[in-house]
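Next comes run36.tsv, a file with TSV, C-alpha atoms and all ligand atoms.
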```tsv
chain	number	residue	atom	x	y	z
H	1	MET	CA	2.95	257.48	85.25
H	2	HIS	CA	3.14	261.24	85.28
H	3	THR	CA	2.16	263.25	88.27
H	4	THR	CA	1.97	266.50	86.33
H	5	LYS	CA	-1.15	267.13	84.30
H	6	GLN	CA	-0.64	266.54	80.58
H	7	VAL	CA	-1.87	269.02	78.01
H	8	SER	CA	-4.09	267.91	75.16
H	9	PRO	CA	-2.35	268.06	71.77
H	10	SER	CA	-3.72	270.49	69.18
H	11	ILE	CA	-4.17	270.07	65.44
H	12	THR	CA	-0.88	272.01	65.05
H	13	ASP	CA	0.87	269.30	67.05
H	14	VAL	CA	-0.62	266.67	64.72
H	15	LEU	CA	0.56	268.62	61.66
H	16	SER	CA	4.11	268.80	63.02
H	17	ALA	CA	3.97	265.09	63.84
H	18	ALA	CA	3.06	264.42	60.21
H	19	LEU	CA	6.25	266.19	59.10
H	20	LEU	CA	8.37	264.25	61.61
H	21	ILE	CA	7.07	260.80	60.73
H	22	ALA	CA	6.82	261.29	56.94
H	23	PRO	CA	10.45	260.22	56.27
H	24	HIS	CA	9.82	256.94	58.09
H	25	LEU	CA	6.24	255.89	57.34
H	26	PRO	CA	4.35	256.24	54.05
H	27	GLU	CA	0.62	257.03	54.15
H	28	THR	CA	-1.40	253.85	54.75
H	29	PRO	CA	-4.08	252.87	52.22
H	30	MET	CA	-7.80	253.30	52.78
H	31	TRP	CA	-9.94	251.11	50.55
H	32	SER	CA	-13.58	250.28	49.98
H	33	TYR	CA	-14.71	246.72	49.27
H	34	PRO	CA	-17.87	246.28	47.16
H	35	VAL	CA	-19.09	243.10	48.86
H	36	LEU	CA	-18.55	244.63	52.29
H	37	ASP	CA	-20.46	247.76	51.22
H	38	ASP	CA	-23.23	245.56	49.91
H	39	ARG	CA	-23.45	243.57	53.11
H	40	LEU	CA	-23.51	246.70	55.27
H	41	GLY	CA	-25.73	248.86	53.04
H	42	MET	CA	-23.38	251.87	53.13
H	43	GLU	CA	-20.09	253.12	51.76
H	44	THR	CA	-17.33	251.89	54.08
H	45	PHE	CA	-13.67	252.83	54.08
H	46	VAL	CA	-11.17	250.51	55.74
H	47	LYS	CA	-8.12	252.42	57.01
H	48	HIS	CA	-5.33	249.86	56.82
H	49	GLU	CA	-3.10	250.39	59.84
H	50	ASN	CA	-2.54	246.65	59.74
H	51	VAL	CA	0.11	247.25	57.04
H	52	GLN	CA	2.36	249.36	59.28
H	53	PRO	CA	5.90	247.93	59.65
H	54	THR	CA	5.20	246.96	63.27
H	55	GLY	CA	1.73	245.67	62.38
H	56	ALA	CA	-0.18	248.42	64.23
H	57	PHE	CA	-0.92	252.16	64.22
H	58	LYS	CA	0.92	252.81	67.49
H	59	VAL	CA	4.25	253.25	65.69
H	60	ARG	CA	3.03	256.70	64.57
H	61	GLY	CA	2.98	257.84	68.19
H	62	GLY	CA	6.27	256.18	69.08
H	63	LEU	CA	8.08	257.86	66.19
H	64	ASN	CA	6.66	261.27	67.04
H	65	LEU	CA	7.54	261.01	70.73
H	66	LEU	CA	11.09	259.78	70.12
H	67	SER	CA	11.73	262.39	67.40
H	68	ARG	CA	10.76	265.16	69.79
H	69	LEU	CA	12.89	264.05	72.74
H	70	PRO	CA	15.67	266.50	73.58
H	71	GLU	CA	19.12	265.20	72.57
H	72	GLY	CA	20.25	264.52	76.17
H	73	ARG	CA	17.16	262.45	76.91
H	74	ARG	CA	17.66	260.48	73.75
H	75	THR	CA	21.25	259.55	74.68
H	76	ALA	CA	20.19	258.47	78.17
H	77	GLY	CA	17.53	256.16	76.76
H	78	VAL	CA	13.85	255.38	77.14
H	79	LEU	CA	11.85	252.79	79.01
H	80	THR	CA	8.27	251.58	78.91
H	81	TYR	CA	6.10	248.63	79.96
H	82	SER	CA	3.95	246.61	77.59
H	83	THR	CA	3.82	243.17	76.07
H	84	GLY	CA	2.22	244.13	72.83
H	85	ASN	CA	1.99	246.73	70.13
H	86	HIS	CA	3.09	249.66	72.32
H	87	ALA	CA	6.35	247.84	73.10
H	88	GLN	CA	7.03	247.27	69.41
H	89	SER	CA	6.19	250.87	68.56
H	90	ILE	CA	8.68	252.30	71.07
H	91	ALA	CA	11.37	249.74	70.20
H	92	TYR	CA	10.97	250.49	66.48
H	93	ALA	CA	11.16	254.26	66.98
H	94	ALA	CA	14.12	253.90	69.38
H	95	ARG	CA	16.04	251.91	66.81
H	96	ILE	CA	15.45	254.57	64.12
H	97	SER	CA	16.60	257.38	66.42
H	98	GLY	CA	19.50	255.38	67.89
H	99	THR	CA	18.04	255.55	71.40
H	100	PRO	CA	18.75	252.84	74.00
H	101	CYS	CA	15.42	251.23	74.92
H	102	VAL	CA	14.26	249.00	77.77
H	103	ILE	CA	10.88	247.26	77.75
H	104	VAL	CA	9.53	245.83	81.02
H	105	MET	CA	7.18	242.85	80.58
H	106	PRO	CA	5.31	240.94	83.30
H	107	GLU	CA	6.43	237.38	84.14
H	108	ASN	CA	5.90	234.55	81.65
H	109	PRO	CA	5.81	236.77	78.57
H	110	ASN	CA	4.90	235.32	75.19
H	111	PRO	CA	8.29	234.33	73.64
H	112	ALA	CA	7.19	235.62	70.21
H	113	LYS	CA	6.60	239.07	71.69
H	114	VAL	CA	9.95	239.07	73.46
H	115	ALA	CA	11.62	238.06	70.20
H	116	ALA	CA	9.83	240.80	68.23
H	117	VAL	CA	11.06	243.51	70.60
H	118	GLU	CA	14.59	242.09	70.90
H	119	ALA	CA	14.86	241.88	67.13
H	120	LEU	CA	14.33	245.64	67.11
H	121	GLY	CA	17.34	246.03	69.40
H	122	ALA	CA	15.51	246.75	72.67
H	123	THR	CA	16.37	245.14	76.01
H	124	VAL	CA	13.58	243.16	77.67
H	125	GLU	CA	13.34	243.06	81.48
H	126	VAL	CA	10.85	240.57	82.87
H	127	LYS	CA	9.43	241.74	86.22
H	128	GLY	CA	6.13	241.67	88.12
H	129	ALA	CA	3.16	239.33	88.14
H	130	THR	CA	0.87	241.80	86.34
H	131	MET	CA	1.16	244.80	84.04
H	132	VAL	CA	0.52	247.08	87.04
H	133	GLU	CA	3.54	245.60	88.85
H	134	ALA	CA	5.63	245.77	85.69
H	135	GLY	CA	4.72	249.46	85.51
H	136	GLU	CA	5.76	250.04	89.13
H	137	TYR	CA	9.11	248.38	88.48
H	138	ALA	CA	9.55	250.44	85.31
H	139	ARG	CA	9.07	253.63	87.36
H	140	LEU	CA	11.72	252.54	89.86
H	141	LEU	CA	14.17	251.60	87.13
H	142	ALA	CA	13.60	254.85	85.23
H	143	GLY	CA	14.32	256.86	88.37
H	144	LYS	CA	17.47	254.88	89.17
H	145	ASP	CA	18.96	254.86	85.66
H	146	GLY	CA	17.77	258.28	84.47
H	147	LEU	CA	15.74	256.84	81.61
H	148	ARG	CA	12.71	258.64	80.16
H	149	LEU	CA	9.66	256.59	81.21
H	150	ILE	CA	7.06	256.52	78.45
H	151	SER	CA	3.46	256.04	79.63
H	152	PRO	CA	1.39	253.82	77.33
H	153	ALA	CA	-1.21	256.59	76.92
H	154	ASP	CA	-0.78	259.70	79.08
H	155	GLU	CA	1.59	261.25	76.55
H	156	PRO	CA	0.54	264.18	74.32
H	157	ASP	CA	3.23	263.27	71.75
H	158	LEU	CA	1.86	259.73	71.37
H	159	ILE	CA	-1.64	261.08	70.78
H	160	ALA	CA	-0.41	263.75	68.33
H	161	GLY	CA	1.55	261.11	66.39
H	162	VAL	CA	-1.48	258.82	66.16
H	163	GLY	CA	-3.45	261.85	64.96
H	164	THR	CA	-1.61	261.60	61.63
H	165	LEU	CA	-3.77	258.54	60.89
H	166	TYR	CA	-6.87	260.76	60.98
H	167	LEU	CA	-5.15	263.56	59.07
H	168	GLU	CA	-4.62	261.08	56.23
H	169	MET	CA	-8.18	259.80	56.55
H	170	PHE	CA	-9.97	263.16	56.45
H	171	ARG	CA	-7.76	264.53	53.70
H	172	ARG	CA	-8.85	261.61	51.51
H	173	ARG	CA	-12.48	261.69	52.60
H	174	PRO	CA	-13.53	265.06	54.03
H	175	ASP	CA	-17.14	263.92	53.54
H	176	LEU	CA	-17.20	261.05	56.08
H	177	ASP	CA	-20.33	260.82	58.24
H	178	ALA	CA	-18.64	258.76	60.95
H	179	VAL	CA	-15.46	256.97	61.94
H	180	PHE	CA	-15.44	253.90	64.19
H	181	VAL	CA	-12.32	253.57	66.35
H	182	PRO	CA	-11.25	250.61	68.54
H	183	VAL	CA	-10.44	251.69	72.11
H	184	GLY	CA	-8.03	250.20	74.65
H	185	SER	CA	-6.32	253.05	76.48
H	186	GLY	CA	-7.97	255.60	74.21
H	187	THR	CA	-5.01	257.28	72.45
H	188	SER	CA	-6.43	256.55	69.01
H	189	ALA	CA	-9.98	257.69	69.80
H	190	ALA	CA	-8.59	260.82	71.48
H	191	ALA	CA	-6.50	261.55	68.40
H	192	ALA	CA	-9.58	261.09	66.20
H	193	CYS	CA	-11.45	263.65	68.33
H	194	VAL	CA	-8.64	266.23	68.03
H	195	VAL	CA	-8.38	265.92	64.25
H	196	ALA	CA	-12.10	265.58	63.48
H	197	ARG	CA	-12.92	268.64	65.57
H	198	ALA	CA	-10.40	270.70	63.59
H	199	ILE	CA	-10.88	269.51	60.00
H	200	ALA	CA	-14.01	267.35	59.78
H	201	PRO	CA	-16.38	268.68	62.46
H	202	ARG	CA	-19.40	267.02	60.83
H	203	CYS	CA	-17.90	263.54	61.17
H	204	ARG	CA	-19.02	261.60	64.24
H	205	VAL	CA	-16.31	259.79	66.21
H	206	ILE	CA	-17.52	256.53	67.75
H	207	GLY	CA	-15.41	254.42	70.08
H	208	VAL	CA	-15.70	250.64	70.31
H	209	GLN	CA	-14.46	248.45	73.15
H	210	SER	CA	-14.92	244.81	74.14
H	211	SER	CA	-17.60	244.14	76.75
H	212	LEU	CA	-15.01	241.82	78.34
H	213	ALA	CA	-12.64	244.75	79.12
H	214	PRO	CA	-14.85	247.85	79.43
H	215	ALA	CA	-12.69	250.12	81.66
H	216	ALA	CA	-12.37	252.98	79.15
H	217	HIS	CA	-16.02	252.75	78.12
H	218	ASP	CA	-17.35	252.63	81.69
H	219	SER	CA	-15.03	255.47	82.77
H	220	TRP	CA	-16.24	257.57	79.82
H	221	ARG	CA	-19.89	256.97	80.76
H	222	ALA	CA	-19.25	257.61	84.46
H	223	GLY	CA	-17.13	260.70	83.83
H	224	ALA	CA	-14.60	259.32	86.33
H	225	PRO	CA	-11.91	256.62	86.11
H	226	VAL	CA	-13.04	253.08	87.01
H	227	ARG	CA	-11.15	249.77	86.95
H	228	ARG	CA	-12.59	246.73	85.23
H	229	PRO	CA	-11.51	243.11	84.78
H	230	VAL	CA	-9.80	242.18	81.53
H	231	GLU	CA	-11.24	239.03	80.01
H	232	THR	CA	-11.24	239.82	76.30
H	233	ALA	CA	-9.15	237.84	73.81
H	234	ALA	CA	-8.52	241.10	71.91
H	235	GLU	CA	-5.09	242.00	73.28
H	236	GLY	CA	-4.99	245.51	71.84
H	237	LEU	CA	-8.14	246.33	73.82
H	238	ALA	CA	-7.10	244.59	77.04
H	239	THR	CA	-6.77	247.58	79.38
H	240	GLY	CA	-8.10	247.37	82.94
H	241	THR	CA	-7.77	251.06	83.89
H	242	ALA	CA	-8.62	254.45	82.45
H	243	PHE	CA	-5.88	256.84	81.31
H	244	ALA	CA	-6.45	260.47	82.29
H	245	LEU	CA	-5.32	262.32	79.17
H	246	PRO	CA	-7.17	260.26	76.52
H	247	GLN	CA	-10.27	260.19	78.75
H	248	GLU	CA	-10.24	263.97	79.01
H	249	ILE	CA	-9.97	264.40	75.23
H	250	MET	CA	-12.54	261.65	74.56
H	251	ARG	CA	-15.20	263.66	76.41
H	252	GLY	CA	-15.81	265.24	73.03
H	253	MET	CA	-16.47	261.86	71.43
H	254	ASP	CA	-19.96	261.34	69.97
H	255	ASP	CA	-20.64	257.82	71.18
H	256	PHE	CA	-18.96	254.78	72.71
H	257	LEU	CA	-20.21	251.22	72.34
H	258	LEU	CA	-19.38	247.78	73.62
H	259	VAL	CA	-19.28	244.67	71.44
H	260	THR	CA	-18.85	241.03	72.43
H	261	ASP	CA	-15.77	238.98	71.58
H	262	GLU	CA	-18.03	236.84	69.34
H	263	GLU	CA	-19.02	239.93	67.36
H	264	ILE	CA	-15.34	240.87	67.05
H	265	ARG	CA	-14.46	237.39	65.80
H	266	ALA	CA	-17.25	237.56	63.19
H	267	ALA	CA	-15.93	240.94	62.00
H	268	GLN	CA	-12.41	239.53	61.81
H	269	GLY	CA	-13.70	236.77	59.53
H	270	LEU	CA	-15.51	239.31	57.37
H	271	LEU	CA	-12.35	241.40	56.98
H	272	LEU	CA	-10.46	238.31	55.91
H	273	LYS	CA	-13.06	237.19	53.40
H	274	GLU	CA	-14.37	240.44	51.98
H	275	ALA	CA	-11.49	242.87	52.51
H	276	HIS	CA	-8.75	240.28	51.88
H	277	THR	CA	-6.95	241.49	54.95
H	278	LEU	CA	-5.73	240.21	58.30
H	279	GLY	CA	-6.87	242.22	61.28
H	280	GLU	CA	-5.98	241.06	64.78
H	281	LEU	CA	-9.06	240.95	67.04
H	282	ALA	CA	-8.57	244.55	68.20
H	283	GLY	CA	-8.21	245.49	64.54
H	284	ALA	CA	-11.66	244.06	63.78
H	285	ALA	CA	-13.49	245.71	66.70
H	286	ALA	CA	-14.36	248.88	64.75
H	287	LEU	CA	-16.07	246.82	62.07
H	288	ALA	CA	-17.92	244.87	64.78
H	289	GLY	CA	-19.15	248.19	66.17
H	290	LEU	CA	-20.30	249.39	62.77
H	291	ILE	CA	-22.17	246.14	62.12
H	292	ALA	CA	-23.96	246.59	65.45
H	293	ARG	CA	-25.08	250.06	64.29
H	294	LYS	CA	-25.60	249.38	60.62
H	295	GLU	CA	-29.26	250.49	60.41
H	296	GLU	CA	-28.35	253.88	61.81
H	297	PHE	CA	-25.72	254.44	59.11
H	298	ALA	CA	-27.57	253.02	56.10
H	299	GLY	CA	-26.58	254.88	52.93
H	300	ARG	CA	-23.84	256.86	54.73
H	301	LYS	CA	-20.07	257.11	54.34
H	302	VAL	CA	-18.29	255.51	57.26
H	303	ALA	CA	-14.62	254.75	57.99
H	304	ILE	CA	-13.38	251.96	60.22
H	305	VAL	CA	-9.85	251.72	61.57
H	306	CYS	CA	-8.29	248.30	61.02
H	307	SER	CA	-5.78	249.11	63.73
H	308	GLY	CA	-3.43	246.13	63.63
H	309	ALA	CA	-2.50	242.71	62.27
H	310	ASN	CA	-0.56	241.11	65.11
H	311	ALA	CA	-2.59	237.96	65.62
H	312	GLY	CA	-0.75	235.21	67.51
H	313	PRO	CA	-0.76	231.53	66.47
H	314	SER	CA	-3.87	230.53	68.45
H	315	GLU	CA	-5.82	233.54	67.22
H	316	LEU	CA	-4.89	232.70	63.62
H	317	HIS	CA	-5.88	229.09	64.14
H	318	HIS	CA	-9.28	230.14	65.48
H	319	LEU	CA	-9.79	232.58	62.59
H	320	LEU	CA	-8.91	230.13	59.84
H	321	ARG	CA	-11.02	227.37	61.35
H	322	GLY	CA	-13.97	229.77	61.33
H	323	ALA	CA	-13.29	230.62	57.67
H	401	LIG	C1	-3.40	249.64	71.08
H	401	LIG	C2	-4.33	249.09	70.09
H	401	LIG	C3	-5.68	249.46	70.04
H	401	LIG	C4	-6.29	250.41	71.05
H	401	LIG	O1	-5.72	251.68	70.93
H	401	LIG	P1	-5.68	252.68	72.16
H	401	LIG	O2	-5.03	253.88	71.61
H	401	LIG	O3	-4.88	252.03	73.25
H	401	LIG	O4	-7.08	252.91	72.57
H	401	LIG	C5	-6.46	248.94	69.05
H	401	LIG	N1	-5.97	248.08	68.15
H	401	LIG	C6	-4.68	247.70	68.16
H	401	LIG	C7	-4.22	246.74	67.12
H	401	LIG	C8	-3.81	248.19	69.13
H	401	LIG	O5	-2.53	247.80	69.14
```

Translate this structure into structure tokens?
Amino acid sequence: MHTTKQVSPSITDVLSAALLIAPHLPETPMWSYPVLDDRLGMETFVKHENVQPTGAFKVRGGLNLLSRLPEGRRTAGVLTYSTGNHAQSIAYAARISGTPCVIVMPENPNPAKVAAVEALGATVEVKGATMVEAGEYARLLAGKDGLRLISPADEPDLIAGVGTLYLEMFRRRPDLDAVFVPVGSGTSAAAACVVARAIAPRCRVIGVQSSLAPAAHDSWRAGAPVRRPVETAAEGLATGTAFALPQEIMRGMDDFLLVTDEEIRAAQGLLLKEAHTLGELAGAAALAGLIARKEEFAGRKVAIVCSGANAGPSELHHLLRGA
């Protein structure tokens, strides 16, 4: 973690990120689905981050951060701690820029996740009983080996890179009334705030988190960081602490709601059936939030971020049984 205070990215930073990532990632589609619109009673737009090469939006931030590293830093290498989509994002971006990359994962990692990161050429180090301990070890290792430690969220370049998602969204639909964003650490919701404020100030930004891992939500409401247990099955939302930089930017967010894991599972089924698309649980949370607020947005134009598709075998089993 950084001891120095990080500075919020501006819309200019998001515009430069768009130039840096354009050679590597095409714009993702944003579609409407008539049956979904009918069921919800409004015009909905599903932003398909689940079709990114790593299966989640985070790769936008990873590519921006790695592209902006000074040459010397890039040769020395980077290091981060994560089991999930953040790990894949950094490993993917490191491979493209030819940067050595170490990912620290807590003990007993899911072999599929280790394989995904190793296939991208990163080195996996297994250390610590929890993510907090893995993070502490990562800090030690970074200091010893001179690697650039990448925080999962307190990084302006990650947030600016993720902002390109919202640049694409508002360029297509400058007339949106609201966008629903799933929140774990808050980089995506923070990025939505930065871009909406600059180019779509009328559009409300609404965060959605699982009631079984409400650290970001509760910290936002309290105006101070709080820790909360993590009991959600939605891995992309499974964050037990608040991150300072996204929390600071999210102060400008219009609303923040909690949904249950059951509501998220129902939304995941709806995405599969009516939008013909696979969202992992975190990727369905925005739709769950919109369903919870559907009366309020009747007749409006609303976007939801389908943030990722990386559902593991048991999650897929559960989903298909429900269908
Ligand atoms: C990381 C992640 C989220 C949450 O994003 P934050 O920027 O951490 O708030 C949501 N969905 C998916 C699929 C993710 O990987």

List every residue of chain H that has an atom at most 6 Å from any atom of ligand LIG 401 (chain H), giving for each one its closest atom pair and the distance in Å to one decimal, counting all atoms listed in the file, sorted by chain and then by ascending residue number, as CSV.
```
residue,atom,partner,partner_atom,distance
H:Ala56,CA,H:LIG401,C7,5.2
H:Asn85,CA,H:LIG401,O5,4.7
H:Pro182,CA,H:LIG401,C5,5.1
H:Val183,CA,H:LIG401,O4,3.6
H:Gly184,CA,H:LIG401,O4,3.5
H:Ser185,CA,H:LIG401,O3,3.7
H:Gly186,CA,H:LIG401,O4,3.3
H:Thr187,CA,H:LIG401,O2,3.5
H:Ser188,CA,H:LIG401,O2,4.0
H:Gly236,CA,H:LIG401,C8,4.0
H:Leu237,CA,H:LIG401,C4,5.3
H:Ala282,CA,H:LIG401,N1,4.4
H:Gly283,CA,H:LIG401,C7,4.9
H:Ser307,CA,H:LIG401,C7,4.4
H:Gly308,CA,H:LIG401,C7,3.6
```

Any chance you could export the current selection's C-alpha atoms as a PDB file, in the coordinates of the input?
```
ATOM      1  CA  ALA H  56      -0.180 248.420  64.230  1.00  0.00           C
ATOM      2  CA  ASN H  85       1.990 246.730  70.130  1.00  0.00           C
ATOM      3  CA  PRO H 182     -11.250 250.610  68.540  1.00  0.00           C
ATOM      4  CA  VAL H 183     -10.440 251.690  72.110  1.00  0.00           C
ATOM      5  CA  GLY H 184      -8.030 250.200  74.650  1.00  0.00           C
ATOM      6  CA  SER H 185      -6.320 253.050  76.480  1.00  0.00           C
ATOM      7  CA  GLY H 186      -7.970 255.600  74.210  1.00  0.00           C
ATOM      8  CA  THR H 187      -5.010 257.280  72.450  1.00  0.00           C
ATOM      9  CA  SER H 188      -6.430 256.550  69.010  1.00  0.00           C
ATOM     10  CA  GLY H 236      -4.990 245.510  71.840  1.00  0.00           C
ATOM     11  CA  LEU H 237      -8.140 246.330  73.820  1.00  0.00           C
ATOM     12  CA  ALA H 282      -8.570 244.550  68.200  1.00  0.00           C
ATOM     13  CA  GLY H 283      -8.210 245.490  64.540  1.00  0.00           C
ATOM     14  CA  SER H 307      -5.780 249.110  63.730  1.00  0.00           C
ATOM     15  CA  GLY H 308      -3.430 246.130  63.630  1.00  0.00           C
TER      16      GLY H 308
END
```

Residue list as number ranges by chain for point (-15.6, 248.1, 59.8), cut-off 7 Å, all atoms listed in the file: H: 46, 284, 286-288, 290, 303-304

Exercise: Pro109 (chain H) partners within 12 Å, all atoms listed in the file, chain neighbours under 2 positions left out, as a short mmCIF file (atom, residue, chain, number, x, y, z; two decimals) with C-alpha atoms, in the coordinates of the input:
```
data_model
loop_
_atom_site.label_atom_id
_atom_site.label_comp_id
_atom_site.auth_asym_id
_atom_site.auth_seq_id
_atom_site.Cartn_x
_atom_site.Cartn_y
_atom_site.Cartn_z
CA TYR H 81 6.10 248.63 79.96
CA SER H 82 3.95 246.61 77.59
CA THR H 83 3.82 243.17 76.07
CA GLY H 84 2.22 244.13 72.83
CA ILE H 103 10.88 247.26 77.75
CA VAL H 104 9.53 245.83 81.02
CA MET H 105 7.18 242.85 80.58
CA PRO H 106 5.31 240.94 83.30
CA GLU H 107 6.43 237.38 84.14
CA PRO H 111 8.29 234.33 73.64
CA ALA H 112 7.19 235.62 70.21
CA LYS H 113 6.60 239.07 71.69
CA VAL H 114 9.95 239.07 73.46
CA ALA H 115 11.62 238.06 70.20
CA ALA H 116 9.83 240.80 68.23
CA VAL H 117 11.06 243.51 70.60
CA VAL H 124 13.58 243.16 77.67
CA GLU H 125 13.34 243.06 81.48
CA VAL H 126 10.85 240.57 82.87
CA LYS H 127 9.43 241.74 86.22
CA GLY H 128 6.13 241.67 88.12
CA ALA H 129 3.16 239.33 88.14
CA THR H 130 0.87 241.80 86.34
CA MET H 131 1.16 244.80 84.04
CA ALA H 134 5.63 245.77 85.69
#
```

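Distances from H:Asp13, H:Glu263, H:Glu71, H:Glu296 to Val162 (chain H) were compared using all atoms listed in the file, and the smallest one belongs to H:Asp13.
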
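Counting only C-alpha atoms and comparing H:Phe243, H:Ala215, H:Phe57, H:Val51, the residue that lies closest to Val230 (chain H) is H:Ala215.
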
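Among the candidate residues H:Gly240, H:Pro70, H:Pro100, H:Pro9, the one lying nearest to Ala160 (chain H) is H:Pro9, with distances computed using all atoms listed in the file.
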
Between CA of Asp154 (chain H) and CA of Gln6 (chain H), distance in Å (one decimal):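 Separation between CA of Asp154 (chain H) and CA of Gln6 (chain H): 7.0 Å.
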
Which residue out of H:Asp254, H:Glu155, H:Glu231, H:Glu280 has the minimum interatomic distance to Arg197 (chain H) when only C-alpha atoms are used?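 Of the candidates, the smallest distance to Arg197 (chain H) is held by H:Asp254.
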
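Relative to CA of Val7 (chain H), CA of Ala244 (chain H) is found at 10.6 Å.
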
Using all atoms listed in the file, determine which residues lie at most 12 Å from Gly299 (chain H), disregarding the query and same-chain residues fewer than 5 positions distant; provide the list as a list of chain:residue names.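 Counting all atoms listed in the file, the residues come to H:Asp37, H:Asp38, H:Arg39, H:Leu40, H:Gly41, H:Met42, H:Glu43, H:Thr44, H:Leu176, H:Asp177, H:Ala178, H:Lys294.
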
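In this model, the gap between CA of Ile199 (chain H) and CA of Phe297 (chain H) comes to 21.2 Å.
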
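In terms of minimum interatomic distance to Thr260 (chain H), H:Ser211 ranks closest within H:Cys306, H:Gly98, H:Ser211, H:Thr241, counting only C-alpha atoms.
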
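Look at Arg60 (chain H): the protein and nucleic acid residues within 9 Å of it, using all atoms listed in the file and passing over chain neighbours fewer than 6 places away, are Ala17, Ala18, Ile21, Leu25, Ser89, Ala93, Leu158, Ile159, Ala160, Gly161, Val162, Gly163, Thr164 and Leu165 of chain H.
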
For Glu315 (chain H), which residue among H:Cys101, H:Leu278, H:Leu257, H:Ala298 is the nearest when counting all atoms listed in the file? H:Leu278

Counting only C-alpha atoms, what is within 10 Å of Arg221 (chain H), bar same-chain residues fewer than 4 positions away, as JSON, numbers by chain? {"H": [215, 216, 217, 225, 251, 255, 256]}
